[in-house]
Each structure stands twice: as structure tokens, then as C-alpha cells.
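Visitor: Structure below; questions to follow.
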Amino acid sequence: MPKHTSNQWIATKLMGREHWCTDWLAELLLADADLLEHILKQGSEYRHYLCLINMGRDRLIYSGYDELARMIRRKPRKKMLKAVLDPCPDGLSRVLKNLHKRPLLQRGYIRLIKLMSDKRARKFLSHSNSVSPVQLRLLERLPPALRDCPFIMDIKSKADMNLSLETIEDVHHFAPAVSYADMALSLRHVSDPTRSRIYRRGQPFDLWYENQLLKKDFPAPPWLGNNWIKPITSGPELRQIGRTMRNCVAKGHYIKDVLNGEAYFYVTDQEPKILILFQKHKDDTWRLVQAAGNENKQLDRESATYILRKLQGEGFNMLDDQLPYQYKEDEEDDMLTLDLLDGYSFEDEKDKSTSSALQTSKP
């Protein structure tokens with residue numbers, strides 16, 4: 001194998017295929033035969049060090065690749081980093097040891113240098129065992145007060161990052177009294193087992209949904225209800241009903257839609273209780289999308305018929321005897337009109353000997 005080809009192969013193994021430093025490193029290895037042995041004696045963080053040298057080598061004075069390679073071998077790392085970076089952050093050498101061993105893109109190192117100027121980000125970077133490129137991107141986008149919170153170590157993918165950022169924004173939007181500093185204070189005290197449990201559920205900030213969003217009062221309901229069915233008008237009430245009925249609303253599901261005025265829950269006074277969900281659609285109609293009993297059990301025909309006949313008795317206009325229906329506000333007579341909603345039907349009794357279940361589909 002020709003010498004140039006072998007050096008290119010070695011550089012590819014060290015930096016990766018088509019990495020922005022691969023060809024540059026191959027030229028260095030070709031110019032200085034002792035450089036490879038020197039690199040192999042170093043730790044995995046040395047590749048990050050070489051990338052930073054390449055990024056700022058225009059600041060150095062050298063006559064050719066051979067002289068640059070000798071400078072890299074002989075000069076102390078801190079002195080070289082100060083020569084190529086202006087300014088050179090304190091503690092950068094230590095942080096390089098904590099980075100994921102795979103070399104970053106050039107913008108990744110620019111992001112790293114920028115984060116090193118932030119006190120909390122520098123603290124996280126200095127004490128983490130392995131910082132991935134995704135975690136660097138998350139650190140850059142997080143509010144400064146949250147940049148040293150332990151949950152960042154649980155972020156493993158872009159999807160995790162986006163979910164975390166979205167949830168933080170939701171909490172800040174729906175609970176503006178909760179400052180980022182207060183949020184950070186709580187998140188720093190979440191124990192490791194709890195963080196792991198939350199991460200596996202795919203909701204790194206589920207505790208904040210429960211403790212902050214569910215504390216808020218809901219918007220005014222589209223229908224005030226009556227003595228047998230009532231709207232759920234606050235987060236604590238919804239959480240309590242969800243726990244009693246043992247379903248997902250106790251965990252904050254749909255809470256964002258309710259606060260945005262896009263969904264509303266009702267519950268019957270009868271036992272066993274029935275939880276009913278209406279969702280608002282683009283034509284400003286409110287559609288019944290789910291009705292379920294304890295543990296999300298589907299309703300039998302008798303229970304579903306009872307609910308819809310009760311609604312009919314409250315002035316809803318039943319246009320067809322197919323069930324269930326949607327309703328909308330009538331501005332002229334201030335009544336609610338119940339219209340047929342396609343996609344919902346009862347199973348045929350001949351297909352099921354027991355009471356048929358209410359079939360739903362997402363509108």
C-alpha cells in the first residue's frame with residue numbers, strides 16, 4: 001500500500017470517513033513519521049484536541065506540515081490551545097476528556113467554546129462522564145438557569161431533546177410564575193432513580209406537568225352541564241378523578257389541549273362514573289371523541305344510550321338515531337346543536353352477544 005494511501009486510511013480510522021479533519025491529519029502523518037506513534041500514546045480526547053488545532057491553525061506561524069506536526073508533538077496542550085483559540089476557555093483540556101470519543105463537526109466545537117463561557121454549562125461539561133453532540137445542542141438551547149441540571153445526562157437522542165425543550169416551554173407558558181431558576185431548583189433535586197424512571201416513560205419533565213400545569217384552572221367550559229354531568233374545570237379535579245378512575249388523565253394527558261381551549265372533560269355523577277372527552281375542531285364544533293369508564297373500559301350500549309339520551313333531553317338536536325354525535329353552539333337561540341359525527345357507530349348486535357361497545361376513531 002503506498003504511503004500516502006496508508007496515511008489516509010489511518011486518518012480515516014481516527015477521525016471518520018469524510019470528516020472535515022481527515023485529509024488534514026493524513027497530510028500531517030505523511031509529513032512526520034513520528035506523529036502517529038505520538039497520537040497512539042494519547043487518550044481518545046486527543047482527537048478533539050487535534051480538531052481544535054486544525055480549526056485555529058491560521059493563528060499559528062509555521063512553514064509546512066512537517067513543522068506543524070512537530071509543534072503538535074512537542075508543545076504542551078494548554079499552550080497550543082491558547083495559541084489557536086482566542087479566548088481559550090479555562091478548563092477546556094479537562095472538558096475534552098469528558099466529550100464523547102467521536103470527533104465533532106466544526107460547528108460542534110464552536111458550540112462547545114461558546115458554552116464554556118457560561119458558568120452552569122461549564123460546570124455540567126466538567127463533571128459529566130460522556131457528553132454527546134445531542135447534549136451539547138440541548139445545552140445551547142436551554143435557558144442558562146437549567147444548564148447544570150442532572151436530567152441533561154438522560155437525553156440520548158434528538159427526540160428526547162425536542163421533547164424536553166417543548167415541555168420546558170409549556171411549563172413556562174402555562175405557569176409563567178414559575179421562573180427558570182425555580183424550575184432548576186426542583187429539577188436538581190430529582191434523584192437518579194426517579195430521573196431514569198421518567199426518562200424510560202419518554203417524559204423527562206412529567207413531574208412538572210403534574211405539579212405545575214395541573215395546578216391551573218381551566219378555561220370556561222363550552223357547556224355548563226347539569227345535575228347529572230358536570231365539566232371538570234381545574235387541574236387538581238381532573239387529576240383526582242383520573243386517580244379514582246385509574247386512567248391516563250391523572251398523568252397529565254390532554255392537559256395542554258384543555259389549557260389551549262382545544263379539549264374539555266366532563267364526568268357523570270352516576271356510579272360507576274363515566275369520563276367524557278370533547279375536542280374542538282377547525283369548524284368550531286365540539287365533538288365527542290371518547291367516553292369511558294373505570295380503567296378506560298369501553299361503554300356498553302345501555303350506558304352510551306343513557307348519556308346521549310340525557311344530552312337530547314337538555315335541548316340537543318338529535319338529527320339521526322346513529323350514535324354518538326357532535327354538538328356546536330347556536331348563536332341565535334343560545335342552544336347546543338348535536339349533529340351526526342361520521343366515523344362513530346355501535347357494533348351490530350348480531351356480531352356480539354353482549355352489549356356492544358362504543359367505537360371511536362380520531363377525527
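Ordered as shown in the C-alpha cells, chains take letters A, B, and onward, while each chain numbers its residues from 1 and ligands are numbered from 1 in the order shown.
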Got a sec: who's within 7 Å of range 28-36 of chain A, counting only C-alpha atoms, leaving out chain neighbours fewer than 6 positions off, as a list in words?
Guide: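 Near range 28-36 of chain A, the qualifying residues are His4, Asn7, Tyr65, Asp66, Ala69 and Arg73 of chain A.
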Visitor: Write out the residues from the selection above, keeping N, CA, C and O atoms, as a short mmCIF file (atom, residue, chain, number, x, y, z; two decimals), in the first residue's frame.
Guide:
data_model
loop_
_atom_site.label_atom_id
_atom_site.label_comp_id
_atom_site.auth_asym_id
_atom_site.auth_seq_id
_atom_site.Cartn_x
_atom_site.Cartn_y
_atom_site.Cartn_z
N HIS A 4 1.08 7.32 1.07
CA HIS A 4 0.00 8.32 1.14
C HIS A 4 -1.34 7.64 1.40
O HIS A 4 -2.15 8.12 2.20
N ASN A 7 -1.60 6.43 5.05
CA ASN A 7 -1.85 7.54 5.97
C ASN A 7 -3.31 8.01 5.89
O ASN A 7 -3.91 8.39 6.89
N TYR A 65 3.68 21.40 6.79
CA TYR A 65 3.04 20.38 7.62
C TYR A 65 4.03 19.72 8.57
O TYR A 65 3.68 19.33 9.68
N ASP A 66 5.28 19.56 8.13
CA ASP A 66 6.27 18.91 8.99
C ASP A 66 6.53 19.73 10.24
O ASP A 66 6.62 19.20 11.35
N ALA A 69 3.44 19.53 12.54
CA ALA A 69 3.38 18.25 13.23
C ALA A 69 4.34 18.22 14.42
O ALA A 69 4.01 17.70 15.49
N ARG A 73 3.53 17.74 18.46
CA ARG A 73 4.15 16.70 19.30
C ARG A 73 4.88 17.28 20.51
O ARG A 73 4.87 16.68 21.59
#
Visitor: Which residues, written as a ChimeraX atom specification, have at least one atom at most 9 Å from Lys230 in chain A, with only C-alpha atoms counted and residues fewer than 6 positions away on the same chain left out?
Guide: /A:223-224,265-269
Visitor: Write a file of the selected residues as a PDB file, in the first residue's frame, keeping N, CA and C atoms.
Guide:
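Listing of result21.pdb after writing:
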ATOM      1  N   TRP A 223     -69.990  23.987  27.611  1.00  0.00           N
ATOM      2  CA  TRP A 223     -71.340  23.713  28.120  1.00  0.00           C
ATOM      3  C   TRP A 223     -71.231  23.556  29.634  1.00  0.00           C
ATOM      4  N   LEU A 224     -72.154  24.176  30.375  1.00  0.00           N
ATOM      5  CA  LEU A 224     -72.044  24.216  31.829  1.00  0.00           C
ATOM      6  C   LEU A 224     -72.456  22.923  32.504  1.00  0.00           C
ATOM      7  N   PHE A 265     -63.092  17.992  29.409  1.00  0.00           N
ATOM      8  CA  PHE A 265     -63.560  16.764  30.038  1.00  0.00           C
ATOM      9  C   PHE A 265     -64.841  17.018  30.824  1.00  0.00           C
ATOM     10  N   TYR A 266     -65.742  16.035  30.787  1.00  0.00           N
ATOM     11  CA  TYR A 266     -66.951  16.017  31.611  1.00  0.00           C
ATOM     12  C   TYR A 266     -67.006  14.678  32.337  1.00  0.00           C
ATOM     13  N   VAL A 267     -67.674  14.661  33.477  1.00  0.00           N
ATOM     14  CA  VAL A 267     -67.814  13.422  34.233  1.00  0.00           C
ATOM     15  C   VAL A 267     -69.246  13.320  34.745  1.00  0.00           C
ATOM     16  N   THR A 268     -69.795  12.110  34.733  1.00  0.00           N
ATOM     17  CA  THR A 268     -71.153  11.900  35.220  1.00  0.00           C
ATOM     18  C   THR A 268     -71.148  11.698  36.734  1.00  0.00           C
ATOM     19  N   ASP A 269     -72.286  12.005  37.361  1.00  0.00           N
ATOM     20  CA  ASP A 269     -72.412  11.803  38.799  1.00  0.00           C
ATOM     21  C   ASP A 269     -72.810  10.375  39.144  1.00  0.00           C
TER      22      ASP A 269
END
Visitor: Counting only C-alpha atoms, figure out which residue out of A:Phe278, A:His48, A:Pro219, A:Glu295 gets nearest to Val249 in chain A.
Guide: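 Using only C-alpha atoms, the shortest distance to Val249 in chain A belongs to A:Glu295.
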Visitor: Quick one: everything within 8 Å of His100 in chain A, counting only C-alpha atoms, minus sequence neighbours fewer than 3 positions away in the same chain. Send it as a list in words.
Guide: Pro103, Ser130, Val131, Ser132 and Pro133 of chain A
Visitor: Take the residues from that selection and write them out as a PDB file, in the first residue's frame, keeping N, CA, C and O atoms.
Guide:
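Final output, result-v3.pdb:
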ATOM      1  N   PRO A 103     -15.107  12.382  17.117  1.00  0.00           N
ATOM      2  CA  PRO A 103     -14.866  13.796  16.814  1.00  0.00           C
ATOM      3  C   PRO A 103     -16.134  14.512  16.357  1.00  0.00           C
ATOM      4  O   PRO A 103     -16.993  13.926  15.702  1.00  0.00           O
ATOM      5  N   SER A 130     -19.541  11.523  29.937  1.00  0.00           N
ATOM      6  CA  SER A 130     -19.519  11.452  28.485  1.00  0.00           C
ATOM      7  C   SER A 130     -20.590  12.386  27.928  1.00  0.00           C
ATOM      8  O   SER A 130     -21.785  12.155  28.111  1.00  0.00           O
ATOM      9  N   VAL A 131     -20.150  13.438  27.269  1.00  0.00           N
ATOM     10  CA  VAL A 131     -21.066  14.439  26.719  1.00  0.00           C
ATOM     11  C   VAL A 131     -21.213  14.190  25.218  1.00  0.00           C
ATOM     12  O   VAL A 131     -20.231  14.205  24.477  1.00  0.00           O
ATOM     13  N   SER A 132     -22.441  13.950  24.787  1.00  0.00           N
ATOM     14  CA  SER A 132     -22.708  13.649  23.380  1.00  0.00           C
ATOM     15  C   SER A 132     -23.007  14.928  22.602  1.00  0.00           C
ATOM     16  O   SER A 132     -23.317  15.978  23.188  1.00  0.00           O
ATOM     17  N   PRO A 133     -22.946  14.880  21.268  1.00  0.00           N
ATOM     18  CA  PRO A 133     -23.310  16.052  20.460  1.00  0.00           C
ATOM     19  C   PRO A 133     -24.746  16.522  20.711  1.00  0.00           C
ATOM     20  O   PRO A 133     -25.021  17.730  20.686  1.00  0.00           O
TER      21      PRO A 133
END
Visitor: Need the shell around Lys101 in chain A: protein/DNA/RNA residues with any atom at most 12 Å away, counting only C-alpha atoms. Skip same-chain ones fewer than 5 positions apart. Format as a PDB file with N, CA, C and O atoms, in the first residue's frame?
Guide:
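The result, written out as around15.pdb:
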ATOM      1  N   LEU A  14      -9.069   7.246  12.501  1.00  0.00           N
ATOM      2  CA  LEU A  14      -9.005   8.099  13.685  1.00  0.00           C
ATOM      3  C   LEU A  14     -10.134   9.132  13.713  1.00  0.00           C
ATOM      4  O   LEU A  14     -10.713   9.401  14.766  1.00  0.00           O
ATOM      5  N   MET A  15     -10.442   9.706  12.560  1.00  0.00           N
ATOM      6  CA  MET A  15     -11.389  10.817  12.507  1.00  0.00           C
ATOM      7  C   MET A  15     -12.765  10.440  11.964  1.00  0.00           C
ATOM      8  O   MET A  15     -13.766  11.057  12.317  1.00  0.00           O
ATOM      9  N   GLY A  16     -12.804   9.435  11.110  1.00  0.00           N
ATOM     10  CA  GLY A  16     -14.064   9.071  10.486  1.00  0.00           C
ATOM     11  C   GLY A  16     -14.069   9.425   9.022  1.00  0.00           C
ATOM     12  O   GLY A  16     -13.359  10.333   8.564  1.00  0.00           O
ATOM     13  N   GLY A  43      -4.783   9.720  24.912  1.00  0.00           N
ATOM     14  CA  GLY A  43      -6.135   9.241  25.146  1.00  0.00           C
ATOM     15  C   GLY A  43      -7.057   9.574  23.984  1.00  0.00           C
ATOM     16  O   GLY A  43      -6.680  10.253  23.024  1.00  0.00           O
ATOM     17  N   SER A  44      -8.300   9.087  24.076  1.00  0.00           N
ATOM     18  CA  SER A  44      -9.263   9.322  22.987  1.00  0.00           C
ATOM     19  C   SER A  44      -9.589  10.799  22.814  1.00  0.00           C
ATOM     20  O   SER A  44      -9.999  11.225  21.731  1.00  0.00           O
ATOM     21  N   GLU A  45      -9.399  11.595  23.875  1.00  0.00           N
ATOM     22  CA  GLU A  45      -9.710  13.030  23.777  1.00  0.00           C
ATOM     23  C   GLU A  45      -8.740  13.762  22.853  1.00  0.00           C
ATOM     24  O   GLU A  45      -8.985  14.914  22.463  1.00  0.00           O
ATOM     25  N   TYR A  46      -7.609  13.088  22.495  1.00  0.00           N
ATOM     26  CA  TYR A  46      -6.603  13.755  21.673  1.00  0.00           C
ATOM     27  C   TYR A  46      -7.154  14.095  20.299  1.00  0.00           C
ATOM     28  O   TYR A  46      -6.698  15.041  19.661  1.00  0.00           O
ATOM     29  N   ARG A  47      -8.122  13.338  19.839  1.00  0.00           N
ATOM     30  CA  ARG A  47      -8.726  13.649  18.543  1.00  0.00           C
ATOM     31  C   ARG A  47      -9.462  14.977  18.589  1.00  0.00           C
ATOM     32  O   ARG A  47      -9.459  15.738  17.617  1.00  0.00           O
ATOM     33  N   HIS A  48     -10.124  15.265  19.719  1.00  0.00           N
ATOM     34  CA  HIS A  48     -10.768  16.577  19.875  1.00  0.00           C
ATOM     35  C   HIS A  48      -9.718  17.682  19.881  1.00  0.00           C
ATOM     36  O   HIS A  48      -9.924  18.763  19.312  1.00  0.00           O
ATOM     37  N   TYR A  49      -8.613  17.415  20.532  1.00  0.00           N
ATOM     38  CA  TYR A  49      -7.519  18.386  20.591  1.00  0.00           C
ATOM     39  C   TYR A  49      -6.999  18.692  19.190  1.00  0.00           C
ATOM     40  O   TYR A  49      -6.797  19.854  18.821  1.00  0.00           O
ATOM     41  N   VAL A  95     -12.464  19.347  29.952  1.00  0.00           N
ATOM     42  CA  VAL A  95     -13.746  19.091  29.289  1.00  0.00           C
ATOM     43  C   VAL A  95     -13.563  18.185  28.073  1.00  0.00           C
ATOM     44  O   VAL A  95     -14.413  17.331  27.790  1.00  0.00           O
ATOM     45  N   LEU A  96     -12.451  18.327  27.363  1.00  0.00           N
ATOM     46  CA  LEU A  96     -12.208  17.483  26.195  1.00  0.00           C
ATOM     47  C   LEU A  96     -12.185  16.010  26.581  1.00  0.00           C
ATOM     48  O   LEU A  96     -12.589  15.138  25.795  1.00  0.00           O
ATOM     49  N   ASN A 129     -19.469  12.409  32.620  1.00  0.00           N
ATOM     50  CA  ASN A 129     -18.556  11.357  32.164  1.00  0.00           C
ATOM     51  C   ASN A 129     -18.432  11.309  30.651  1.00  0.00           C
ATOM     52  O   ASN A 129     -17.360  11.073  30.114  1.00  0.00           O
ATOM     53  N   SER A 130     -19.541  11.523  29.937  1.00  0.00           N
ATOM     54  CA  SER A 130     -19.519  11.452  28.485  1.00  0.00           C
ATOM     55  C   SER A 130     -20.590  12.386  27.928  1.00  0.00           C
ATOM     56  O   SER A 130     -21.785  12.155  28.111  1.00  0.00           O
ATOM     57  N   VAL A 131     -20.150  13.438  27.269  1.00  0.00           N
ATOM     58  CA  VAL A 131     -21.066  14.439  26.719  1.00  0.00           C
ATOM     59  C   VAL A 131     -21.213  14.190  25.218  1.00  0.00           C
ATOM     60  O   VAL A 131     -20.231  14.205  24.477  1.00  0.00           O
ATOM     61  N   SER A 132     -22.441  13.950  24.787  1.00  0.00           N
ATOM     62  CA  SER A 132     -22.708  13.649  23.380  1.00  0.00           C
ATOM     63  C   SER A 132     -23.007  14.928  22.602  1.00  0.00           C
ATOM     64  O   SER A 132     -23.317  15.978  23.188  1.00  0.00           O
ATOM     65  N   PRO A 133     -22.946  14.880  21.268  1.00  0.00           N
ATOM     66  CA  PRO A 133     -23.310  16.052  20.460  1.00  0.00           C
ATOM     67  C   PRO A 133     -24.746  16.522  20.711  1.00  0.00           C
ATOM     68  O   PRO A 133     -25.021  17.730  20.686  1.00  0.00           O
TER      69      PRO A 133
END
Visitor: My list of candidates is A:Leu105, A:Leu142, A:Ala291, A:Ile155. Which is closest to Thr305 in chain A when distances are computed with only C-alpha atoms?
Guide: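 Among the listed residues, A:Ala291 lies closest to Thr305 in chain A.
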Visitor: A:Thr285, A:Asn54, A:Asn227, A:Ser157: which is nearest Leu85 in chain A, counting only C-alpha atoms?
Guide: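 Nearest to Leu85 in chain A: A:Asn54.
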Visitor: Show me, as a list in words, the residues that have an atom within 9 Å of range 135-141 of chain A when counting only C-alpha atoms, minus same-chain residues fewer than 6 positions from it.
Guide: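 Contacts, with the query itself left out: Gly108, Arg111, Leu112, Lys114, Leu115, Ala121, Leu125, Arg147, Asp148, Ile152, Met153, Ile155, Lys156, Ser157, Lys158, Met161, Asn162, Ser164 and Leu165 of chain A.
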Visitor: Kindly save the residues from that selection, with N, CA, C and O atoms included, as a PDB file, in the first residue's frame.
Guide:
ATOM      1  N   GLY A 108     -19.806  21.941  16.068  1.00  0.00           N
ATOM      2  CA  GLY A 108     -19.886  21.377  17.408  1.00  0.00           C
ATOM      3  C   GLY A 108     -18.828  21.950  18.324  1.00  0.00           C
ATOM      4  O   GLY A 108     -19.090  22.238  19.503  1.00  0.00           O
ATOM      5  N   ARG A 111     -19.751  25.491  19.162  1.00  0.00           N
ATOM      6  CA  ARG A 111     -20.773  25.449  20.208  1.00  0.00           C
ATOM      7  C   ARG A 111     -20.138  25.191  21.570  1.00  0.00           C
ATOM      8  O   ARG A 111     -20.509  25.806  22.573  1.00  0.00           O
ATOM      9  N   LEU A 112     -19.183  24.269  21.613  1.00  0.00           N
ATOM     10  CA  LEU A 112     -18.506  23.933  22.872  1.00  0.00           C
ATOM     11  C   LEU A 112     -17.774  25.142  23.444  1.00  0.00           C
ATOM     12  O   LEU A 112     -17.880  25.433  24.647  1.00  0.00           O
ATOM     13  N   LYS A 114     -18.353  28.264  22.946  1.00  0.00           N
ATOM     14  CA  LYS A 114     -19.350  29.240  23.390  1.00  0.00           C
ATOM     15  C   LYS A 114     -19.941  28.853  24.736  1.00  0.00           C
ATOM     16  O   LYS A 114     -20.112  29.698  25.632  1.00  0.00           O
ATOM     17  N   LEU A 115     -20.256  27.573  24.918  1.00  0.00           N
ATOM     18  CA  LEU A 115     -20.837  27.103  26.172  1.00  0.00           C
ATOM     19  C   LEU A 115     -19.862  27.210  27.329  1.00  0.00           C
ATOM     20  O   LEU A 115     -20.270  27.389  28.482  1.00  0.00           O
ATOM     21  N   ALA A 121     -23.134  25.827  32.296  1.00  0.00           N
ATOM     22  CA  ALA A 121     -22.799  24.868  31.244  1.00  0.00           C
ATOM     23  C   ALA A 121     -21.393  24.307  31.467  1.00  0.00           C
ATOM     24  O   ALA A 121     -21.161  23.105  31.286  1.00  0.00           O
ATOM     25  N   LEU A 125     -20.340  20.367  31.873  1.00  0.00           N
ATOM     26  CA  LEU A 125     -19.367  19.772  30.978  1.00  0.00           C
ATOM     27  C   LEU A 125     -18.151  19.233  31.737  1.00  0.00           C
ATOM     28  O   LEU A 125     -17.563  18.225  31.353  1.00  0.00           O
ATOM     29  N   ARG A 147     -28.842  24.843  32.747  1.00  0.00           N
ATOM     30  CA  ARG A 147     -27.746  24.188  32.045  1.00  0.00           C
ATOM     31  C   ARG A 147     -26.886  23.273  32.912  1.00  0.00           C
ATOM     32  O   ARG A 147     -25.980  22.623  32.386  1.00  0.00           O
ATOM     33  N   ASP A 148     -27.141  23.223  34.219  1.00  0.00           N
ATOM     34  CA  ASP A 148     -26.394  22.276  35.053  1.00  0.00           C
ATOM     35  C   ASP A 148     -27.315  21.265  35.720  1.00  0.00           C
ATOM     36  O   ASP A 148     -26.939  20.627  36.699  1.00  0.00           O
ATOM     37  N   ILE A 152     -30.085  16.425  31.990  1.00  0.00           N
ATOM     38  CA  ILE A 152     -29.406  16.510  30.687  1.00  0.00           C
ATOM     39  C   ILE A 152     -28.666  15.213  30.388  1.00  0.00           C
ATOM     40  O   ILE A 152     -28.567  14.790  29.230  1.00  0.00           O
ATOM     41  N   MET A 153     -28.176  14.542  31.429  1.00  0.00           N
ATOM     42  CA  MET A 153     -27.450  13.289  31.223  1.00  0.00           C
ATOM     43  C   MET A 153     -28.354  12.187  30.689  1.00  0.00           C
ATOM     44  O   MET A 153     -27.883  11.202  30.118  1.00  0.00           O
ATOM     45  N   ILE A 155     -30.624  12.614  28.325  1.00  0.00           N
ATOM     46  CA  ILE A 155     -31.002  12.902  26.950  1.00  0.00           C
ATOM     47  C   ILE A 155     -30.072  12.143  26.012  1.00  0.00           C
ATOM     48  O   ILE A 155     -28.866  12.394  25.975  1.00  0.00           O
ATOM     49  N   LYS A 156     -30.635  11.205  25.253  1.00  0.00           N
ATOM     50  CA  LYS A 156     -29.838  10.332  24.392  1.00  0.00           C
ATOM     51  C   LYS A 156     -30.078  10.539  22.906  1.00  0.00           C
ATOM     52  O   LYS A 156     -29.308  10.046  22.085  1.00  0.00           O
ATOM     53  N   SER A 157     -31.140  11.231  22.550  1.00  0.00           N
ATOM     54  CA  SER A 157     -31.474  11.358  21.128  1.00  0.00           C
ATOM     55  C   SER A 157     -32.069  12.740  20.849  1.00  0.00           C
ATOM     56  O   SER A 157     -32.411  13.487  21.768  1.00  0.00           O
ATOM     57  N   LYS A 158     -32.193  13.044  19.577  1.00  0.00           N
ATOM     58  CA  LYS A 158     -32.798  14.316  19.170  1.00  0.00           C
ATOM     59  C   LYS A 158     -34.255  14.394  19.613  1.00  0.00           C
ATOM     60  O   LYS A 158     -34.751  15.463  19.985  1.00  0.00           O
ATOM     61  N   MET A 161     -34.357  15.393  23.171  1.00  0.00           N
ATOM     62  CA  MET A 161     -34.033  16.815  23.289  1.00  0.00           C
ATOM     63  C   MET A 161     -35.242  17.682  22.955  1.00  0.00           C
ATOM     64  O   MET A 161     -35.587  18.615  23.694  1.00  0.00           O
ATOM     65  N   ASN A 162     -35.902  17.378  21.839  1.00  0.00           N
ATOM     66  CA  ASN A 162     -37.054  18.182  21.427  1.00  0.00           C
ATOM     67  C   ASN A 162     -38.195  18.094  22.438  1.00  0.00           C
ATOM     68  O   ASN A 162     -38.874  19.083  22.715  1.00  0.00           O
ATOM     69  N   SER A 164     -37.907  17.525  25.667  1.00  0.00           N
ATOM     70  CA  SER A 164     -37.523  18.285  26.857  1.00  0.00           C
ATOM     71  C   SER A 164     -37.722  19.776  26.641  1.00  0.00           C
ATOM     72  O   SER A 164     -38.295  20.471  27.487  1.00  0.00           O
ATOM     73  N   LEU A 165     -37.267  20.284  25.500  1.00  0.00           N
ATOM     74  CA  LEU A 165     -37.403  21.718  25.218  1.00  0.00           C
ATOM     75  C   LEU A 165     -38.867  22.126  25.105  1.00  0.00           C
ATOM     76  O   LEU A 165     -39.273  23.179  25.591  1.00  0.00           O
TER      77      LEU A 165
END
Visitor: Just to confirm, what's the straight-line distance from CA of Leu238 in chain A to CA of Ala220 in chain A in Å (one decimal)?
Guide: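 Interatomic distance, CA of Leu238 in chain A to CA of Ala220 in chain A: 14.5 Å.
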Visitor: Select from range 40-281 of chain A everything DSSP, run on the backbone, classes as strand (DSSP E or B), then give the selection as a list in words.
Guide: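 Across range 40-281 of chain A, those assigned strand (DSSP E or B) are Leu99, Val131, Asp217, Ile229, Lys230, Pro231, Ser234, Ala263, Tyr264, Phe265, Tyr266, Val267, Thr268, Leu275, Ile276, Leu277, Phe278, Gln279 and Lys280 of chain A.
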Visitor: Using C-alpha atoms, can you write the selected residues to a file as a PDB file, in the first residue's frame?
Guide:
ATOM      1  CA  LEU A  99     -16.601  14.553  25.429  1.00  0.00           C
ATOM      2  CA  VAL A 131     -21.066  14.439  26.719  1.00  0.00           C
ATOM      3  CA  ASP A 217     -57.725  26.466  36.424  1.00  0.00           C
ATOM      4  CA  ILE A 229     -72.988  15.602  34.192  1.00  0.00           C
ATOM      5  CA  LYS A 230     -70.543  18.341  35.003  1.00  0.00           C
ATOM      6  CA  PRO A 231     -67.427  19.830  33.408  1.00  0.00           C
ATOM      7  CA  SER A 234     -59.429  22.579  37.151  1.00  0.00           C
ATOM      8  CA  ALA A 263     -60.467  19.879  24.541  1.00  0.00           C
ATOM      9  CA  TYR A 264     -62.702  19.533  27.605  1.00  0.00           C
ATOM     10  CA  PHE A 265     -63.560  16.764  30.038  1.00  0.00           C
ATOM     11  CA  TYR A 266     -66.951  16.017  31.611  1.00  0.00           C
ATOM     12  CA  VAL A 267     -67.814  13.422  34.233  1.00  0.00           C
ATOM     13  CA  THR A 268     -71.153  11.900  35.220  1.00  0.00           C
ATOM     14  CA  LEU A 275     -65.449  10.272  31.817  1.00  0.00           C
ATOM     15  CA  ILE A 276     -66.307  12.044  28.562  1.00  0.00           C
ATOM     16  CA  LEU A 277     -63.846  13.913  26.321  1.00  0.00           C
ATOM     17  CA  PHE A 278     -64.886  16.534  23.776  1.00  0.00           C
ATOM     18  CA  GLN A 279     -62.428  18.071  21.313  1.00  0.00           C
ATOM     19  CA  LYS A 280     -62.773  21.299  19.378  1.00  0.00           C
TER      20      LYS A 280
END
Visitor: Considering only C-alpha atoms, can you say which of A:Leu163, A:Ala11, A:Leu52, A:Val134 comes closest to Ile113 in chain A?
Guide: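 Answer, going by the shortest atom-to-atom distance: A:Leu52.
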Visitor: Between A:Ile274, A:Ala184, A:Ile61, A:Ala26, which is the closest to Tyr306 in chain A once you count only C-alpha atoms?
Guide: A:Ile274
Visitor: Please report the interatomic distance between CA of Ala83 in chain A and CA of Leu60 in chain A in Å with one decimal.
Guide: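 Separating CA of Ala83 in chain A from CA of Leu60 in chain A is a distance of 6.9 Å.
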